[in-house]
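As stored in start.pdb (PDB, C-alpha atoms, pLDDT in the B column):
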```pdb
ATOM      1  CA  MET A 480      -2.962  -3.244 -24.027  1.00 77.00           C
ATOM      2  CA  GLU A 481      -5.944  -2.932 -26.372  1.00 95.00           C
ATOM      3  CA  TYR A 482      -5.240  -5.869 -28.657  1.00 95.00           C
ATOM      4  CA  CYS A 483      -3.371  -9.138 -29.045  1.00 97.00           C
ATOM      5  CA  GLY A 484      -1.948 -10.342 -32.332  1.00 97.00           C
ATOM      6  CA  HIS A 485       0.974 -11.337 -34.462  1.00 97.00           C
ATOM      7  CA  THR A 486       2.777  -9.573 -37.318  1.00 96.00           C
ATOM      8  CA  PHE A 487       4.234 -11.713 -40.093  1.00 95.00           C
ATOM      9  CA  THR A 488       5.685 -11.346 -43.590  1.00 93.00           C
ATOM     10  CA  ILE A 489       4.888 -13.335 -46.730  1.00 91.00           C
ATOM     11  CA  ARG A 490       6.771 -12.534 -49.957  1.00 87.00           C
ATOM     12  CA  LYS A 491       7.938  -9.182 -48.524  1.00 87.00           C
ATOM     13  CA  ASN A 492       4.319  -8.211 -47.669  1.00 89.00           C
ATOM     14  CA  GLU A 493       3.533  -7.382 -44.055  1.00 92.00           C
ATOM     15  CA  TYR A 494       0.397  -8.662 -42.334  1.00 95.00           C
ATOM     16  CA  TRP A 495      -1.077  -8.570 -38.848  1.00 96.00           C
ATOM     17  CA  THR A 496      -3.676 -10.907 -37.418  1.00 97.00           C
ATOM     18  CA  GLY A 497      -5.266 -10.754 -34.018  1.00 97.00           C
ATOM     19  CA  LEU A 498      -8.160  -9.346 -32.070  1.00 96.00           C
ATOM     20  CA  TYR A 499      -9.092  -6.308 -30.049  1.00 96.00           C
ATOM     21  CA  TYR A 500     -10.141  -7.008 -26.465  1.00 96.00           C
ATOM     22  CA  SER A 501     -13.171  -4.780 -26.974  1.00 96.00           C
ATOM     23  CA  GLU A 502     -14.345  -7.181 -29.742  1.00 95.00           C
ATOM     24  CA  PRO A 503     -13.003 -10.611 -28.733  1.00 94.00           C
ATOM     25  CA  GLU A 504     -15.240 -12.525 -31.159  1.00 95.00           C
ATOM     26  CA  THR A 505     -13.821 -10.732 -34.223  1.00 96.00           C
ATOM     27  CA  LEU A 506     -10.626 -12.081 -35.780  1.00 97.00           C
ATOM     28  CA  ILE A 507      -8.853  -9.471 -37.927  1.00 97.00           C
ATOM     29  CA  LEU A 508      -6.302  -9.755 -40.698  1.00 97.00           C
ATOM     30  CA  SER A 509      -4.715  -6.547 -41.951  1.00 96.00           C
ATOM     31  CA  ALA A 510      -2.328  -6.098 -44.850  1.00 94.00           C
ATOM     32  CA  HIS A 511      -0.042  -3.094 -44.417  1.00 91.00           C
ATOM     33  CA  GLY A 512       1.292  -0.694 -47.036  1.00 89.00           C
ATOM     34  CA  VAL A 513      -1.353  -1.430 -49.641  1.00 91.00           C
ATOM     35  CA  ASN A 514      -2.213   0.468 -52.785  1.00 89.00           C
ATOM     36  CA  LYS A 515      -5.422   2.232 -51.768  1.00 90.00           C
ATOM     37  CA  LYS A 516      -7.081   2.091 -55.199  1.00 90.00           C
ATOM     38  CA  VAL A 517      -6.328  -1.612 -55.703  1.00 90.00           C
ATOM     39  CA  ALA A 518      -7.381  -2.493 -52.133  1.00 90.00           C
ATOM     40  CA  GLU A 519     -10.709  -0.692 -52.564  1.00 92.00           C
ATOM     41  CA  LYS A 520     -11.427  -2.925 -55.601  1.00 91.00           C
ATOM     42  CA  ILE A 521     -11.162  -6.144 -53.534  1.00 92.00           C
ATOM     43  CA  GLY A 522     -14.890  -5.918 -52.914  1.00 90.00           C
ATOM     44  CA  HIS A 523     -14.919  -6.722 -49.201  1.00 93.00           C
ATOM     45  CA  GLY A 524     -13.019  -5.679 -46.120  1.00 94.00           C
ATOM     46  CA  LEU A 525     -12.087  -2.034 -45.714  1.00 95.00           C
ATOM     47  CA  VAL A 526      -9.174   0.298 -46.296  1.00 95.00           C
ATOM     48  CA  LYS A 527      -7.840   2.207 -43.292  1.00 94.00           C
ATOM     49  CA  GLU A 528      -5.407   5.111 -43.306  1.00 92.00           C
ATOM     50  CA  TRP A 529      -2.902   6.288 -40.694  1.00 83.00           C
ATOM     51  CA  VAL A 530       0.139   8.554 -40.572  1.00 84.00           C
ATOM     52  CA  GLU A 531       3.576   7.010 -40.110  1.00 81.00           C
ATOM     53  CA  LYS A 532       6.755   9.088 -40.218  1.00 84.00           C
ATOM     54  CA  GLY A 533       4.831  11.974 -41.753  1.00 85.00           C
ATOM     55  CA  LYS A 534       3.347   9.864 -44.580  1.00 87.00           C
ATOM     56  CA  ASN A 535      -0.151   8.546 -45.059  1.00 87.00           C
ATOM     57  CA  ILE A 536      -0.083   4.744 -45.121  1.00 89.00           C
ATOM     58  CA  TYR A 537      -2.944   2.429 -46.075  1.00 93.00           C
ATOM     59  CA  ALA A 538      -3.924  -0.983 -44.757  1.00 94.00           C
ATOM     60  CA  TRP A 539      -6.626  -3.378 -45.902  1.00 95.00           C
ATOM     61  CA  TRP A 540      -8.594  -5.020 -43.079  1.00 96.00           C
ATOM     62  CA  ASN A 541     -10.741  -8.130 -43.225  1.00 97.00           C
ATOM     63  CA  GLN A 542     -12.737  -9.498 -40.308  1.00 97.00           C
ATOM     64  CA  LEU A 543     -14.147 -12.881 -39.342  1.00 96.00           C
ATOM     65  CA  ASP A 544     -17.032 -12.708 -36.863  1.00 95.00           C
ATOM     66  CA  LEU A 545     -16.520 -15.854 -34.792  1.00 94.00           C
ATOM     67  CA  GLY A 546     -19.887 -15.357 -33.104  1.00 91.00           C
ATOM     68  CA  SER A 547     -21.933 -15.062 -36.289  1.00 91.00           C
ATOM     69  CA  GLU A 548     -24.767 -17.408 -37.141  1.00 82.00           C
ATOM     70  CA  GLU A 549     -23.056 -18.269 -40.447  1.00 84.00           C
ATOM     71  CA  VAL A 550     -19.743 -19.383 -38.929  1.00 82.00           C
ATOM     72  CA  HIS A 551     -20.935 -21.233 -35.763  1.00 85.00           C
ATOM     73  CA  PHE A 552     -17.271 -21.143 -34.714  1.00 92.00           C
ATOM     74  CA  PHE A 553     -17.732 -21.982 -31.037  1.00 92.00           C
ATOM     75  CA  ALA A 554     -19.903 -25.016 -31.843  1.00 92.00           C
ATOM     76  CA  LYS A 555     -17.163 -26.512 -34.057  1.00 93.00           C
ATOM     77  CA  SER A 556     -14.591 -29.074 -33.002  1.00 94.00           C
ATOM     78  CA  LYS A 557     -11.018 -27.890 -32.380  1.00 96.00           C
ATOM     79  CA  SER A 558      -9.859 -29.187 -35.772  1.00 97.00           C
ATOM     80  CA  SER A 559     -12.800 -27.475 -37.512  1.00 95.00           C
ATOM     81  CA  GLN A 560     -12.028 -24.206 -35.689  1.00 95.00           C
ATOM     82  CA  ILE A 561      -8.412 -24.389 -36.879  1.00 96.00           C
ATOM     83  CA  GLN A 562      -9.586 -25.129 -40.427  1.00 96.00           C
ATOM     84  CA  CYS A 563     -11.994 -22.151 -40.300  1.00 94.00           C
ATOM     85  CA  ILE A 564      -9.217 -19.784 -39.181  1.00 96.00           C
ATOM     86  CA  GLU A 565      -6.777 -21.169 -41.769  1.00 96.00           C
ATOM     87  CA  GLN A 566      -9.342 -20.686 -44.539  1.00 96.00           C
ATOM     88  CA  PHE A 567     -10.068 -17.108 -43.427  1.00 96.00           C
ATOM     89  CA  LEU A 568      -6.357 -16.235 -43.321  1.00 96.00           C
ATOM     90  CA  LYS A 569      -5.608 -17.910 -46.658  1.00 95.00           C
ATOM     91  CA  GLU A 570      -8.511 -16.190 -48.446  1.00 95.00           C
ATOM     92  CA  SER A 571      -7.671 -12.808 -46.886  1.00 95.00           C
ATOM     93  CA  ILE A 572      -3.982 -13.032 -47.788  1.00 94.00           C
ATOM     94  CA  GLN A 573      -4.840 -14.029 -51.367  1.00 92.00           C
ATOM     95  CA  ALA A 574      -7.323 -11.142 -51.655  1.00 92.00           C
ATOM     96  CA  ALA A 575      -4.879  -8.565 -50.276  1.00 91.00           C
ATOM     97  CA  GLY A 576      -1.784  -9.755 -52.153  1.00 86.00           C
ATOM     98  CA  PRO A 577      -2.246  -7.749 -55.386  1.00 84.00           C
ATOM     99  CA  SER A 578      -2.892  -4.538 -53.425  1.00 85.00           C
ATOM    100  CA  GLN A 579       0.568  -4.802 -51.873  1.00 80.00           C
ATOM    101  CA  GLU A 580       2.505  -5.050 -55.114  1.00 70.00           C
ATOM    102  CA  GLN A 581       2.395  -1.300 -55.638  1.00 53.00           C
ATOM    103  CA  GLY A 582       2.363   0.189 -52.101  1.00 48.00           C
ATOM    104  CA  GLU A 583       0.928   3.681 -52.134  1.00 47.00           C
ATOM    105  CA  THR A 584       1.177   6.712 -49.891  1.00 45.00           C
ATOM    106  CA  ALA A 585      -0.934   9.830 -50.110  1.00 44.00           C
ATOM    107  CA  ALA A 586       0.492  13.249 -50.728  1.00 39.00           C
TER     108      ALA A 586
END
```
Show the structure stored in the file as structure tokens.
Amino acid sequence: MEYCGHTFTIRKNEYWTGLYYSEPETLILSAHGVNKKVAEKIGHGLVKEWVEKGKNIYAWWNQLDLGSEEVHFFAKSKSSQIQCIEQFLKESIQAAGPSQEQGETAA
């Protein structure tokens, strides 16, 4: 297994959060089935493309570097770590929400 995470749905929008074992200090949130043009206008994160059932599908990815100097995640208390993760997830879900209203596939 290359990664560990959890898929969940909010208001019919599908998300995944987790980490890749090759980058254990990077928490990822991805929103699946996004409108590529709207997702690119979010201003941060990145849009990734893959093929599913013969169609090109887009996802918006945002990352939180837990080892960064700005976050100081591992120096925080448990409650502060939870608050940091909750804030990252909340902000990422809010940012990605509009890009999922009009899911887009490429021709």
Kindly resolve the PyMOL selection byres ((chain A and resi 486-491) around 12) on the present coordinates and return the residues as a list in words.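 Applied to this file, the PyMOL selection byres ((chain A and resi 486-491) around 12) selects Cys483, Gly484, His485, Asn492, Glu493, Tyr494, Trp495, Thr496, Gly497, Ile507, Leu508, Ser509, Ala510, His511, Gly512, Leu568, Lys569, Ile572, Gln573, Ala575, Gly576, Pro577, Gln579, Glu580, Gln581 and Gly582 of chain A.
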Using only the atoms of range 491-497 of chain A listed in the file, plus 4 Å on each side, state the axis-aligned box centre and edge lengths in Å rounded to one decimal, as lines of an AutoDock Vina configuration file.
```
center_x = 1.3
center_y = -9.1
center_z = -41.3
size_x = 21.2
size_y = 11.5
size_z = 22.5
```
Could you work out how far CA of Glu502 in chain A lies from CA of His523 in chain A, giving the answer in Å with one decimal? 19.5 Å
Got a sec to resolve the PyMOL selection byres ((chain A and resi 524) around 12) on this structure and send the residues as a list in words?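 After applying the PyMOL selection byres ((chain A and resi 524) around 12), what remains is Ile507, Leu508, Ser509, Ala510, Ala518, Glu519, Lys520, Ile521, Gly522, His523, Leu525, Val526, Lys527, Ala538, Trp539, Trp540, Asn541, Gln542, Leu543, Glu570, Ser571, Ile572, Ala574 and Ala575 of chain A.
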Hits of the PyMOL selection byres ((chain A and resi 504) around 12) in this structure, as a ChimeraX atom specification: /A:497-503,505-507,542-547,550-553
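One distance worth recording is that between CA of Ser578 in chain A and CA of Asn535 in chain A, which is 15.8 Å.
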Computed interatomic separation between CA of Ile536 in chain A and CA of Val513 in chain A (Å): 7.8 Å
Would you output range 507-519 of chain A from that structure, restricted to N, CA and C atoms, as a CSV table (one decimal), in the first residue's frame?
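result.csv was written with the following content:
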```csv
chain,number,residue,atom,x,y,z
A,507,ILE,N,-2.8,15.5,2.8
A,507,ILE,CA,-3.5,15.9,1.6
A,507,ILE,C,-5.0,15.9,1.7
A,508,LEU,N,-5.6,16.8,1.1
A,508,LEU,CA,-7.1,16.8,0.9
A,508,LEU,C,-7.3,16.9,-0.6
A,509,SER,N,-8.1,15.9,-1.2
A,509,SER,CA,-8.4,16.1,-2.6
A,509,SER,C,-9.9,16.0,-2.7
A,510,ALA,N,-10.4,16.9,-3.7
A,510,ALA,CA,-11.8,16.9,-4.0
A,510,ALA,C,-11.9,16.3,-5.4
A,511,HIS,N,-12.8,15.3,-5.5
A,511,HIS,CA,-12.9,14.6,-6.8
A,511,HIS,C,-14.0,15.1,-7.7
A,512,GLY,N,-13.8,14.9,-9.0
A,512,GLY,CA,-14.9,15.3,-9.9
A,512,GLY,C,-15.1,16.8,-10.0
A,513,VAL,N,-14.0,17.6,-10.0
A,513,VAL,CA,-14.1,19.0,-10.0
A,513,VAL,C,-14.2,19.6,-11.4
A,514,ASN,N,-14.7,20.8,-11.5
A,514,ASN,CA,-14.7,21.5,-12.8
A,514,ASN,C,-13.3,22.1,-12.9
A,515,LYS,N,-12.5,21.6,-13.9
A,515,LYS,CA,-11.1,22.0,-14.1
A,515,LYS,C,-10.9,23.5,-14.1
A,516,LYS,N,-11.7,24.2,-14.8
A,516,LYS,CA,-11.5,25.7,-15.0
A,516,LYS,C,-11.8,26.4,-13.7
A,517,VAL,N,-12.8,26.0,-12.9
A,517,VAL,CA,-13.1,26.6,-11.7
A,517,VAL,C,-12.1,26.3,-10.6
A,518,ALA,N,-11.6,25.0,-10.6
A,518,ALA,CA,-10.6,24.6,-9.6
A,518,ALA,C,-9.3,25.3,-9.9
A,519,GLU,N,-8.9,25.6,-11.1
A,519,GLU,CA,-7.7,26.3,-11.4
A,519,GLU,C,-7.7,27.7,-10.9
```
